[in-house]
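Asker: First the structure, which I've put down as structure tokens, then a few questions once you've had a look.
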Amino acid sequence: MPAPDESRKTIATNRKAFFNYEIFERAEAGLVLVGSEVKSIREGGLNFRDSFVERRGGEMWLVGCRIGPYSHSNTQNHAEDRDRKLLLHRREIDKIGGKATERGYTIVPLQAYFKNGKIKVEIGLARGKKAHDKRESIKRRDIERETRQAVRDRR
């Protein structure tokens, strides 16, 4: 994960992706949006639930990402569940997309954020966790929470 800087403000995080998938590789992508979508995202209208990235014709597309309607828009509002094109360099598309098709991995959006006034999406090459891996993640999270609580109570 890149180091957080002052010009980066997180909009949304796909917490389920970190629970359901094991993330191997990450990349930053731009997002092709219309004006009402940008305004809606600024209001907090972005939802990653059940979304994934698909490679079509040498391009990457964000599928299933919901951006709610802009509250002050008229009838010219955007379609909420449309597929949105991701902006990546050709070598990044070939690298990540090739690994996804070759090894049976999937590409999932991890988080969206503003970077220098533009909306960026961090995508990750991921493999689904098995049930025992999820139980292990829950156990590890509970142990970490208990140790933090014990340290806090000791103070």
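Residues in the structure tokens are named by chain (A, B, ... in the order shown) and by number from 1 within that chain; ligands are numbered from 1 in the order shown.
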Would you give me, as a Markdown table, each residue of range 59-93 of chain A having an atom within 8 Å of an atom of range 31-55 of chain A, along with its shortest atom pair and that distance in Å to one decimal, using only C-alpha atoms and sorting by chain and residue number?

Answerer:
```
| residue | atom | partner | partner_atom | distance |
| --- | --- | --- | --- | --- |
| A:Glu59 | CA | A:Arg55 | CA | 5.6 |
| A:Met60 | CA | A:Arg55 | CA | 4.6 |
| A:Trp61 | CA | A:Glu54 | CA | 5.2 |
| A:Leu62 | CA | A:Val53 | CA | 4.6 |
| A:Val63 | CA | A:Phe52 | CA | 5.5 |
| A:Gly64 | CA | A:Ser51 | CA | 4.3 |
| A:Cys65 | CA | A:Phe48 | CA | 5.1 |
| A:Arg66 | CA | A:Asn47 | CA | 5.2 |
| A:Ile67 | CA | A:Leu46 | CA | 4.7 |
| A:Gly68 | CA | A:Gly45 | CA | 5.0 |
| A:Pro69 | CA | A:Ser40 | CA | 6.3 |
| A:Tyr70 | CA | A:Ser40 | CA | 4.7 |
| A:Ser71 | CA | A:Ser40 | CA | 7.5 |
| A:Ser73 | CA | A:Ser36 | CA | 7.1 |
| A:Asn77 | CA | A:Ser36 | CA | 6.4 |
| A:His78 | CA | A:Ser36 | CA | 6.5 |
| A:Arg84 | CA | A:Val32 | CA | 6.2 |
| A:Lys85 | CA | A:Val32 | CA | 5.5 |
| A:Leu86 | CA | A:Leu31 | CA | 4.8 |
| A:Leu87 | CA | A:Leu31 | CA | 5.9 |
```

Asker: Can you pull out every residue within 9 Å of range 18-29 of chain A, counting only C-alpha atoms, but drop anything in the same chain fewer than 2 positions away, and send it as a PyMOL selection string?

Answerer: chain A and resi 1+14-16+31+86-89+92+96+108+110+119-130+134+137-138

Asker: Take the residues just selected and output them with C-alpha atoms as a PDB file, in the first residue's frame.

Answerer:
```pdb
ATOM      1  CA  MET A   1       0.000   0.000   0.000  1.00  0.00           C
ATOM      2  CA  ASN A  14     -14.033  -2.364   0.377  1.00  0.00           C
ATOM      3  CA  ARG A  15     -13.692  -4.046   3.765  1.00  0.00           C
ATOM      4  CA  LYS A  16     -15.314  -7.270   2.560  1.00  0.00           C
ATOM      5  CA  LEU A  31     -11.890   6.219 -13.256  1.00  0.00           C
ATOM      6  CA  LEU A  86     -10.608   2.148 -15.480  1.00  0.00           C
ATOM      7  CA  LEU A  87      -7.610   4.090 -16.726  1.00  0.00           C
ATOM      8  CA  LEU A  88      -4.389   2.087 -16.581  1.00  0.00           C
ATOM      9  CA  HIS A  89      -1.231   1.915 -18.642  1.00  0.00           C
ATOM     10  CA  GLU A  92      -0.358  -2.641 -16.111  1.00  0.00           C
ATOM     11  CA  ILE A  96      -2.564  -7.721 -13.875  1.00  0.00           C
ATOM     12  CA  VAL A 108     -11.300  -6.487  -6.920  1.00  0.00           C
ATOM     13  CA  LEU A 110      -9.977  -2.158  -2.604  1.00  0.00           C
ATOM     14  CA  ILE A 119     -10.789  10.179  -8.063  1.00  0.00           C
ATOM     15  CA  LYS A 120      -8.585   7.099  -8.047  1.00  0.00           C
ATOM     16  CA  VAL A 121      -9.393   3.452  -7.343  1.00  0.00           C
ATOM     17  CA  GLU A 122      -6.936   1.009  -5.849  1.00  0.00           C
ATOM     18  CA  ILE A 123      -7.457  -2.437  -7.355  1.00  0.00           C
ATOM     19  CA  GLY A 124      -5.942  -5.684  -6.176  1.00  0.00           C
ATOM     20  CA  LEU A 125      -5.169  -9.063  -7.675  1.00  0.00           C
ATOM     21  CA  ALA A 126      -6.844 -11.469  -5.272  1.00  0.00           C
ATOM     22  CA  ARG A 127      -7.638 -15.108  -4.609  1.00  0.00           C
ATOM     23  CA  GLY A 128     -10.707 -16.149  -2.629  1.00  0.00           C
ATOM     24  CA  LYS A 129     -10.116 -17.381   0.906  1.00  0.00           C
ATOM     25  CA  LYS A 130     -11.396 -20.760   2.041  1.00  0.00           C
ATOM     26  CA  LYS A 134     -11.653 -16.772   7.158  1.00  0.00           C
ATOM     27  CA  SER A 137      -8.643 -14.100  10.136  1.00  0.00           C
ATOM     28  CA  ILE A 138     -11.468 -13.736  12.655  1.00  0.00           C
TER      29      ILE A 138
END
```

Asker: CA of Thr13 in chain A and CA of Asp83 in chain A are how many Å apart?

Answerer: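 Between these atoms lies a distance of 18.6 Å.
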
Asker: Write down as a PyMOL selection string the residues belonging to chain A that are assigned strand (DSSP E) by DSSP computed on the backbone.

Answerer: chain A and resi 8-13+21-31+46-47+52-56+59-63+66-67+84-87+106-115+118-128

Asker: Quick check for you: according to DSSP on this backbone, which residues of chain A are classed as helix (DSSP H, G or I)? Reply as an MDAnalysis selection string.

Answerer: chainID A and resid 15:20 35:42 90:103 131:154
